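Structure, as structure tokens:
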Amino acid sequence: MNDLVIQNIKQLILPKKTDKPLKGQELNDLELIENGTVVVNDGKIVYSGPYTTEYEATETIDASDKVVSPALVEAHTHLVHGGSREHEMSLKRQGVSYLEILEQGGGILNTVDATRQASEAELFSKAEKNLLTMVQHGVLTIESKSGYGLDKENELKQLKVSNQLAEKYNLTMRHTFLGPHAVPKDATSNQAFLQEMIDLLPEVKPYADFADIFCETGVFTIDESKAYMEAAKQQGFKVKIHADEIDPLGGLELAIDEQAISADHLVASSEEGKAKLRDSDTVAVLLPGTTFYLGKEQYADARGMIDNNGAIAIATDFNPGSCVTNNLQLVMAIASLKLKLSANEIWNAVTVNAAKAIDVDAGTIDKGDKANIVIWDAPNHEYVLYHYGINHASKVIKDGKVIVDNQYQLQN
Ligand code: NIG
Ligand code: FE
């Protein structure tokens with residue numbers, strides 16, 4: 001007897017399990033089964049495929065008007081941070097740019113002040129609330145960066161909170177040290193501060209899987225980013241980079257040369273950079289919610305990257321300044337409208353390819369996989385992108401147990 005059968009599934013989404021990220025045309029390849037069945041026992045998938053009555057279970061969920069997919073993978077967040085920056089909205093309305101706000105000591109540096117002032121317990125409860133919102137929206141695997149401490153004590157504080165959250169909720173999380181996220185106000189020079197962050201690498205290693213850096217005009221140069229990535233690799237980190245978000249500095253080319261596991265943002269990446277994706281397994285993590293929130297006209301050239309046989313993933317970039325949403329479904333809708341990606345490409349980009357970008361085994365529900373599943377209140381996978389801005393996750397199932405049940409009920 002099995003624990004659970006999800007029966008009569010209107011549309012079952014089955015991304016393909018692969019060793020490498022899906023690239024180019026492969027991204028459009030997604031198995032969709034009309035009228036499917038999923039069987040779960042002991043927290044694992046026993047069967048997923050066309051309708052069958054072969055399996056008995058103690059519990060049955062009818063999904064005759066629903067879509068079923070693997071739980072989503074969120075590959076880029078700044079989950080743990082103090083404070084908020086709603087006051088920046090009026091600055092933005094007045095035409096002050098993101099980098100100008102940072103130059104004036106606001107932006108990331110404002111969040112650094114708030115994060116330094118917050119206790120570990122305060123950071124934990126704020127991040128916990130935001131994490132649980134992600135889970136309610138169908139995400140069960142999450143990457144979480146530091147980068148608002150910019151010193152030993154506070155970077156460690158953020159990373160510890162991130163690790164504690166994974167432990168409390170038994171969630172698959174990956175933690176990223178982003179010490180070189182901005183240059184603090186009291187630094188003697190960019191180089192001196194970067195060296196401080198390089199020296200911290202061994203101490204943060206027990207709490208972080210990846211090392212990341214913000215390579216941007218006025219923040220860290222290509223040469224500095226290269227030095228940091230090489231030092232991090234020597235310490236056993238896999239590396240990531242915030243690259244070409246605003247200016248085309250060549251961060252994508254550097255990421256590929258350094259065999260980064262991912263290069264993130266890439267709004268301003270050069271043609272040469274995109275062409276290099278062809279011979280690389282570095283995942284281009286695109287964050288269209290950020291472009292939207294920064295009010296930019298130009299989005300990352302996702303189609304050009306796919307034409308160059310690149311591997312892409314989609315994530316929120318959830319953070320208090322440049323993308324203040326932890327609803328990955330909303331960002332999937334923006335990806336459809338602004339990155340011109342097909343529904344198949346988007347679902348692969350938030351499941352299997354997002355998993356590759358953070359080096360986890362997630363994003364598939366084949367036999368033997370963890371039963372991390374979302375039942376969507378939608379008639380087909382394109383509908384979730386079309387009816388945008390709301391939460392379509394009806395039930396979120398983690399290790400075979402329903403942990404979120406979003407019922408639409410009003411109290412009279
Ligand atoms: O990925 N660009 C650098 N870092 C974040 C934003 C952080 C912030 O504004 O607080 C990003 O967009
Ligand atoms: Fe980011």
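Each chain in the structure tokens gets a letter, A, B and so on, in the order shown; residues start at 1 in every chain, and ligands are counted from 1 in the order they appear.
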
If you take only C-alpha atoms and all ligand atoms and a cut-off of 10 Å, which residues of chain A touch ligand 2, and what are their nearest atom pairs and distances in Å to one decimal, in chain and number order, as CSV?
```
residue,atom,partner,partner_atom_place_in_ligand_line,distance
A:His76,CA,ligand 2,1 (Fe),6.4
A:Thr77,CA,ligand 2,1 (Fe),6.2
A:His78,CA,ligand 2,1 (Fe),6.3
A:Leu79,CA,ligand 2,1 (Fe),9.9
A:Ser144,CA,ligand 2,1 (Fe),9.6
A:Lys145,CA,ligand 2,1 (Fe),8.1
A:Gly147,CA,ligand 2,1 (Fe),9.5
A:Leu178,CA,ligand 2,1 (Fe),9.4
A:His181,CA,ligand 2,1 (Fe),9.1
A:Asp212,CA,ligand 2,1 (Fe),9.4
A:Ile213,CA,ligand 2,1 (Fe),9.5
A:Phe214,CA,ligand 2,1 (Fe),8.3
A:Ile241,CA,ligand 2,1 (Fe),9.1
A:His242,CA,ligand 2,1 (Fe),6.5
A:Ala243,CA,ligand 2,1 (Fe),9.7
A:Glu245,CA,ligand 2,1 (Fe),9.4
A:Asp264,CA,ligand 2,1 (Fe),7.5
A:His265,CA,ligand 2,1 (Fe),7.7
A:Leu287,CA,ligand 2,1 (Fe),8.3
A:Thr290,CA,ligand 2,1 (Fe),8.7
A:Ala315,CA,ligand 2,1 (Fe),9.5
A:Thr316,CA,ligand 2,1 (Fe),8.6
A:Asp317,CA,ligand 2,1 (Fe),4.8
A:Phe318,CA,ligand 2,1 (Fe),7.3
A:Asn319,CA,ligand 2,1 (Fe),7.1
A:Gly321,CA,ligand 2,1 (Fe),9.8
A:Ser322,CA,ligand 2,1 (Fe),8.2
A:Cys323,CA,ligand 2,1 (Fe),8.6
```

Just the helix (DSSP H, G or I) stuff from segment 217-366 of chain A, please, per backbone DSSP, written as a VMD selection string. chain A and resid 222 to 234 251 to 257 271 to 279 288 to 293 302 to 307 328 to 338 343 to 349 352 to 357

Residue with smallest distance to Asn380 of chain A - pool A:Glu196, A:Glu230, A:Glu34, A:Asp42, counting only C-alpha atoms: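 So, comparing all the options, the nearest one is A:Glu34.
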
Just how far from atom CA of Pro15 of chain A is atom CA of Asp366 of chain A, in Å to one decimal?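 Computed distance, atom CA of Asp366 of chain A to atom CA of Pro15 of chain A, equals 8.9 Å.
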
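Here atom CA of Thr53 of chain A stands at a distance of 29.0 Å from atom CA of Asp361 of chain A.
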
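Of the residues under consideration (A:Leu200, A:Ile6, A:Val324, A:Met1), A:Val324 shows the shortest atom-to-atom contact distance to ligand 1 when counting only C-alpha atoms and all ligand atoms.
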
State, in Å with one decimal place, the distance from atom CA of Thr141 of chain A to atom CA of Ala231 of chain A.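 That distance, rounded to one decimal, is 27.6 Å.
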
I'd like the contact shell of Ser162 of chain A - 9 Å cut-off, only C-alpha atoms, skipping same-chain residues fewer than 4 positions apart - returned as an mmCIF file with all heavy atoms, in the first residue's frame.
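Saved as selection-v7.cif:
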```
data_model
loop_
_atom_site.group_PDB
_atom_site.id
_atom_site.type_symbol
_atom_site.label_atom_id
_atom_site.label_comp_id
_atom_site.auth_asym_id
_atom_site.auth_seq_id
_atom_site.Cartn_x
_atom_site.Cartn_y
_atom_site.Cartn_z
ATOM 1 N N LEU A 79 17.899 36.429 0.590
ATOM 2 C CA LEU A 79 16.814 36.177 1.551
ATOM 3 C C LEU A 79 17.041 36.822 2.916
ATOM 4 O O LEU A 79 16.116 37.376 3.508
ATOM 5 C CB LEU A 79 16.670 34.643 1.710
ATOM 6 C CG LEU A 79 15.717 34.134 2.774
ATOM 7 C CD1 LEU A 79 14.279 34.513 2.442
ATOM 8 C CD2 LEU A 79 15.835 32.613 2.905
ATOM 9 N N VAL A 80 18.285 36.739 3.416
ATOM 10 C CA VAL A 80 18.540 37.190 4.795
ATOM 11 C C VAL A 80 19.051 38.632 4.777
ATOM 12 O O VAL A 80 20.160 38.901 4.311
ATOM 13 C CB VAL A 80 19.579 36.266 5.477
ATOM 14 C CG1 VAL A 80 19.799 36.700 6.926
ATOM 15 C CG2 VAL A 80 19.145 34.809 5.412
ATOM 16 N N PHE A 124 16.564 36.258 11.577
ATOM 17 C CA PHE A 124 15.948 34.947 11.372
ATOM 18 C C PHE A 124 14.446 35.098 11.148
ATOM 19 O O PHE A 124 13.897 34.546 10.195
ATOM 20 C CB PHE A 124 16.226 34.036 12.582
ATOM 21 C CG PHE A 124 15.731 32.633 12.393
ATOM 22 C CD1 PHE A 124 16.573 31.651 11.903
ATOM 23 C CD2 PHE A 124 14.413 32.289 12.689
ATOM 24 C CE1 PHE A 124 16.115 30.346 11.705
ATOM 25 C CE2 PHE A 124 13.953 31.002 12.489
ATOM 26 C CZ PHE A 124 14.801 30.028 12.010
ATOM 27 N N ALA A 127 13.628 36.690 7.709
ATOM 28 C CA ALA A 127 13.919 35.784 6.588
ATOM 29 C C ALA A 127 12.962 34.593 6.589
ATOM 30 O O ALA A 127 12.554 34.102 5.538
ATOM 31 C CB ALA A 127 15.366 35.301 6.669
ATOM 32 N N SER A 144 20.454 31.119 -1.100
ATOM 33 C CA SER A 144 20.363 32.301 -0.243
ATOM 34 C C SER A 144 21.756 32.895 -0.040
ATOM 35 O O SER A 144 22.682 32.193 0.354
ATOM 36 C CB SER A 144 19.733 31.850 1.087
ATOM 37 O OG SER A 144 20.024 32.729 2.131
ATOM 38 N N LYS A 145 21.872 34.206 -0.315
ATOM 39 C CA LYS A 145 23.186 34.853 -0.278
ATOM 40 C C LYS A 145 23.364 35.719 0.963
ATOM 41 O O LYS A 145 22.400 36.299 1.454
ATOM 42 C CB LYS A 145 23.342 35.793 -1.492
ATOM 43 C CG LYS A 145 23.239 35.088 -2.819
ATOM 44 C CD LYS A 145 23.328 36.100 -3.965
ATOM 45 C CE LYS A 145 22.800 35.509 -5.251
ATOM 46 N NZ LYS A 145 23.567 34.372 -5.757
ATOM 47 N N SER A 146 24.618 35.871 1.363
ATOM 48 C CA SER A 146 24.944 36.897 2.360
ATOM 49 C C SER A 146 25.201 38.200 1.573
ATOM 50 O O SER A 146 24.624 38.405 0.526
ATOM 51 C CB SER A 146 26.171 36.475 3.168
ATOM 52 O OG SER A 146 27.319 36.462 2.343
ATOM 53 N N LYS A 157 26.918 36.122 10.503
ATOM 54 C CA LYS A 157 25.576 36.178 11.100
ATOM 55 C C LYS A 157 24.517 35.829 10.036
ATOM 56 O O LYS A 157 23.630 35.001 10.275
ATOM 57 C CB LYS A 157 25.344 37.590 11.662
ATOM 58 C CG LYS A 157 24.028 37.797 12.373
ATOM 59 C CD LYS A 157 23.990 39.131 13.123
ATOM 60 C CE LYS A 157 23.872 40.319 12.178
ATOM 61 N NZ LYS A 157 23.737 41.615 12.892
ATOM 62 N N GLN A 158 24.646 36.422 8.867
ATOM 63 C CA GLN A 158 23.689 36.139 7.792
ATOM 64 C C GLN A 158 23.743 34.677 7.355
ATOM 65 O O GLN A 158 22.713 34.028 7.162
ATOM 66 C CB GLN A 158 24.029 36.989 6.564
ATOM 67 C CG GLN A 158 23.459 38.380 6.568
ATOM 68 C CD GLN A 158 23.666 38.998 5.197
ATOM 69 O OE1 GLN A 158 24.761 39.453 4.882
ATOM 70 N NE2 GLN A 158 22.647 38.992 4.365
ATOM 71 N N ALA A 166 17.391 26.418 6.890
ATOM 72 C CA ALA A 166 17.376 25.140 6.157
ATOM 73 C C ALA A 166 17.144 23.993 7.136
ATOM 74 O O ALA A 166 16.375 23.068 6.881
ATOM 75 C CB ALA A 166 18.687 24.953 5.404
ATOM 76 N N GLU A 167 17.808 24.110 8.287
ATOM 77 C CA GLU A 167 17.704 23.044 9.274
ATOM 78 C C GLU A 167 16.307 23.003 9.904
ATOM 79 O O GLU A 167 15.701 21.951 10.007
ATOM 80 C CB GLU A 167 18.757 23.273 10.359
ATOM 81 C CG GLU A 167 19.034 22.018 11.144
ATOM 82 C CD GLU A 167 20.184 22.234 12.102
ATOM 83 O OE1 GLU A 167 21.182 22.877 11.698
ATOM 84 O OE2 GLU A 167 20.064 21.809 13.251
ATOM 85 N N MET A 173 18.648 23.836 0.857
ATOM 86 C CA MET A 173 19.075 25.202 0.574
ATOM 87 C C MET A 173 20.549 25.195 0.204
ATOM 88 O O MET A 173 21.291 24.304 0.614
ATOM 89 C CB MET A 173 18.840 26.113 1.781
ATOM 90 C CG MET A 173 17.367 26.441 2.004
ATOM 91 S SD MET A 173 17.064 27.554 3.404
ATOM 92 C CE MET A 173 17.774 29.095 2.830
ATOM 93 N N ARG A 174 20.957 26.158 -0.573
ATOM 94 C CA ARG A 174 22.374 26.375 -0.857
ATOM 95 C C ARG A 174 22.688 27.801 -0.409
ATOM 96 O O ARG A 174 21.908 28.722 -0.656
ATOM 97 C CB ARG A 174 22.685 26.184 -2.339
ATOM 98 C CG ARG A 174 22.629 24.725 -2.784
ATOM 99 C CD ARG A 174 23.763 23.911 -2.184
ATOM 100 N NE ARG A 174 23.713 22.493 -2.515
ATOM 101 C CZ ARG A 174 23.115 21.551 -1.777
ATOM 102 N NH1 ARG A 174 22.502 21.871 -0.653
ATOM 103 N NH2 ARG A 174 23.131 20.288 -2.150
ATOM 104 N N HIS A 175 23.818 27.952 0.255
ATOM 105 C CA HIS A 175 24.165 29.227 0.874
ATOM 106 C C HIS A 175 25.376 29.815 0.143
ATOM 107 O O HIS A 175 26.332 29.102 -0.149
ATOM 108 C CB HIS A 175 24.470 29.014 2.352
ATOM 109 C CG HIS A 175 23.495 28.088 3.010
ATOM 110 N ND1 HIS A 175 22.237 28.490 3.407
ATOM 111 C CD2 HIS A 175 23.564 26.753 3.279
ATOM 112 C CE1 HIS A 175 21.582 27.450 3.919
ATOM 113 N NE2 HIS A 175 22.362 26.397 3.847
ATOM 114 N N TYR A 207 29.906 27.415 6.223
ATOM 115 C CA TYR A 207 28.520 27.879 6.128
ATOM 116 C C TYR A 207 28.082 28.201 4.698
ATOM 117 O O TYR A 207 26.950 28.627 4.491
ATOM 118 C CB TYR A 207 28.316 29.138 6.985
ATOM 119 C CG TYR A 207 28.758 28.939 8.400
ATOM 120 C CD1 TYR A 207 30.017 29.373 8.829
ATOM 121 C CD2 TYR A 207 27.942 28.271 9.312
ATOM 122 C CE1 TYR A 207 30.441 29.166 10.124
ATOM 123 C CE2 TYR A 207 28.354 28.060 10.614
ATOM 124 C CZ TYR A 207 29.611 28.505 11.021
ATOM 125 O OH TYR A 207 30.028 28.288 12.301
#
```

Using 12 Å as the limit and counting only C-alpha atoms, can you tabulate each residue of segment 104-190 of chain A that touches segment 337-351 of chain A, with its shortest atom-to-atom distance in Å and the two atoms involved, as a Markdown table?
```
| residue | atom | partner | partner_atom | distance |
| --- | --- | --- | --- | --- |
| A:Gly138 | CA | A:Val350 | CA | 10.8 |
| A:Val139 | CA | A:Val350 | CA | 9.4 |
| A:Leu140 | CA | A:Thr351 | CA | 10.4 |
| A:Thr141 | CA | A:Thr351 | CA | 9.5 |
| A:Ile142 | CA | A:Val350 | CA | 11.1 |
```

Between A:Thr115, A:Asn391, A:Asn8, A:Ser90, single out the one closest to ligand 1, counting only C-alpha atoms and all ligand atoms.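 Selected residue with least distance to ligand 1: A:Thr115.
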
With a distance cut-off of 8 Å and only C-alpha atoms, select the neighbouring residues of segment 275-282 of chain A, excluding the residue or stretch itself and same-chain residues fewer than 3 positions from it, and output the selection as a PDB file with C-alpha atoms, in the first residue's frame.
```pdb
ATOM      1  CA  LYS A  20      24.075  18.688 -17.551  1.00  0.00           C
ATOM      2  CA  PRO A  21      21.853  21.755 -17.777  1.00  0.00           C
ATOM      3  CA  GLU A 253      33.006  36.019 -20.487  1.00  0.00           C
ATOM      4  CA  ALA A 255      32.319  33.554 -15.631  1.00  0.00           C
ATOM      5  CA  ILE A 256      32.695  31.149 -18.548  1.00  0.00           C
ATOM      6  CA  GLN A 259      33.932  27.809 -15.175  1.00  0.00           C
ATOM      7  CA  ALA A 260      31.491  29.468 -12.802  1.00  0.00           C
ATOM      8  CA  ILE A 261      28.484  27.326 -11.949  1.00  0.00           C
ATOM      9  CA  SER A 262      26.324  30.315 -12.908  1.00  0.00           C
ATOM     10  CA  ALA A 263      26.501  33.876 -14.187  1.00  0.00           C
ATOM     11  CA  GLU A 271      27.540  39.322 -28.235  1.00  0.00           C
ATOM     12  CA  GLU A 272      30.948  37.700 -27.583  1.00  0.00           C
ATOM     13  CA  MET A 305      21.470  33.111 -25.400  1.00  0.00           C
ATOM     14  CA  ASN A 308      23.806  30.411 -28.979  1.00  0.00           C
ATOM     15  CA  ASN A 309      22.974  27.049 -27.356  1.00  0.00           C
ATOM     16  CA  GLY A 310      23.241  28.537 -23.866  1.00  0.00           C
ATOM     17  CA  ALA A 311      21.736  27.093 -20.683  1.00  0.00           C
ATOM     18  CA  ALA A 357      22.631  26.562 -11.339  1.00  0.00           C
TER      19      ALA A 357
END
```

Shell around Tyr47 of chain A at 9 Å using only C-alpha atoms, local window under 5 positions removed, as a list of chain:residue names: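 Once the adjacent positions are removed, what remains is A:Thr37, A:Val38, A:Val39, A:Val40, A:Tyr55, A:Ile365, A:Asp366, A:Lys367, A:Gly368.
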
Which residue out of A:Leu249, A:Ala284, A:Leu328, A:Val239 has the minimum interatomic distance to Gln136 of chain A when only C-alpha atoms are used?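 With only C-alpha atoms as the atom set, the closest residue is A:Leu328.
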